[in-house]
Amino acid sequence: MNQVKNVLSSLFEPLTKIETYENLAIKIALILIYIIVALIVIAILNKAIEQAFKIQNRSSKGNKKRSRTLISLVQNVVSYIVWFIVITTILSKFGISVEGIIASAGVVGLAVGFGAQTIVKDIITGFFIIFENQFDVGDYVKINSGGTTVAEGTVKSIGLRSTRINTITGELTILPNGSMGEITNFSITNGFSIVEIPVSVEENLDKVEKRLNKLFTAMRSKYYLFITDPVVEGIDSLDETKVTFRISAETIPGEGASGSRILRKEIQRVFVQEGIKLPQPIYIKNNNQQGKS
């Protein structure tokens, strides 16, 4: 019984001393200081990294999207390093042997190896995405996994473990890098706008084509996304009610659909101004002819 009392007394005795709470308060204060210093250091380093890449871009005229991607990667790595140093320092202040933890990491690694495979796969895939330049921050991409589209939108950031994508409807999708299968990047090569415009078979086709070419010459200076003047490629189809013109234009990467919408809008406006007729269904055309007779 006396031995039990002695054990309990040795356990609770430190709690009755002021020095115990003073030491605890000092250690908590040190932890807060380390965390604040870490946040400040990370903010300063992130700013320095951004400035370094800006200077490099001004001197070498590098790819801005590529620079944003590398900035995100370097900042990510720097954050991991700083927090690792802070955590190991805090552990040492509490008398925990960091060397012992690192030495036992091999044994622990064997135990959790299968569980960590996903993390390792994410990191390795992240390196391949960045260094193979599969896509950059700001690119418009579509990500498939197992034949199903899991995300489509603009790349917000690329990290070692995951990629953030803003979808066209506004959601933020966070994808583990290892889950990405087929990647379609719409922002690498120039886009193409292709539209088919029907006009009435009764129209003067040379007049219509001449007016469209005049419109297209002015459109390139009005809309930045057109790399070349839109062109009338010719007549794509012909039947008893309509003639269909095929029109194409080269655009900046990822803007093919936007260019098509602009073309349709501008062509409709010119058709209204010039009185160019659109095709009518056969039954309306027949009714009009009967009414005239």
# chains A, B, ... in the order shown; residues from 1 in each chain; ligands from 1

$ residues_around --residues "A:Thr149" --least-positions-apart "3" --cutoff "10 Å" --atoms "only C-alpha atoms" --output "ChimeraX atom specification"
/A:142-146,152,180-183

$ write_last_selection --atoms "C-alpha atoms" --output "short mmCIF file (atom, residue, chain, number, x, y, z; two decimals), in the first residue's frame"
data_model
loop_
_atom_site.label_atom_id
_atom_site.label_comp_id
_atom_site.auth_asym_id
_atom_site.auth_seq_id
_atom_site.Cartn_x
_atom_site.Cartn_y
_atom_site.Cartn_z
CA LYS A 142 -10.44 17.95 -69.14
CA ILE A 143 -9.42 15.12 -66.78
CA ASN A 144 -10.66 11.58 -67.32
CA SER A 145 -10.31 8.63 -64.97
CA GLY A 146 -11.41 5.17 -66.00
CA GLU A 152 -13.14 20.02 -66.63
CA MET A 180 -5.63 11.39 -63.19
CA GLY A 181 -5.84 9.19 -66.26
CA GLU A 182 -6.35 10.77 -69.67
CA ILE A 183 -5.62 14.52 -69.73
#

$ closest_residue --among "A:Ile227, A:Leu238, A:Ile188, A:Leu212" --to "A:Gly254" --atoms "only C-alpha atoms"
A:Ile188

$ atom_distance --atom1 "atom CA of A:Glu171" --atom2 "atom CA of A:Ser187"
19.9 Å

$ closest_residue --among "A:Ala29, A:Ile87, A:Leu73, A:Val141" --to "A:Arg161" --atoms "only C-alpha atoms"
A:Leu73
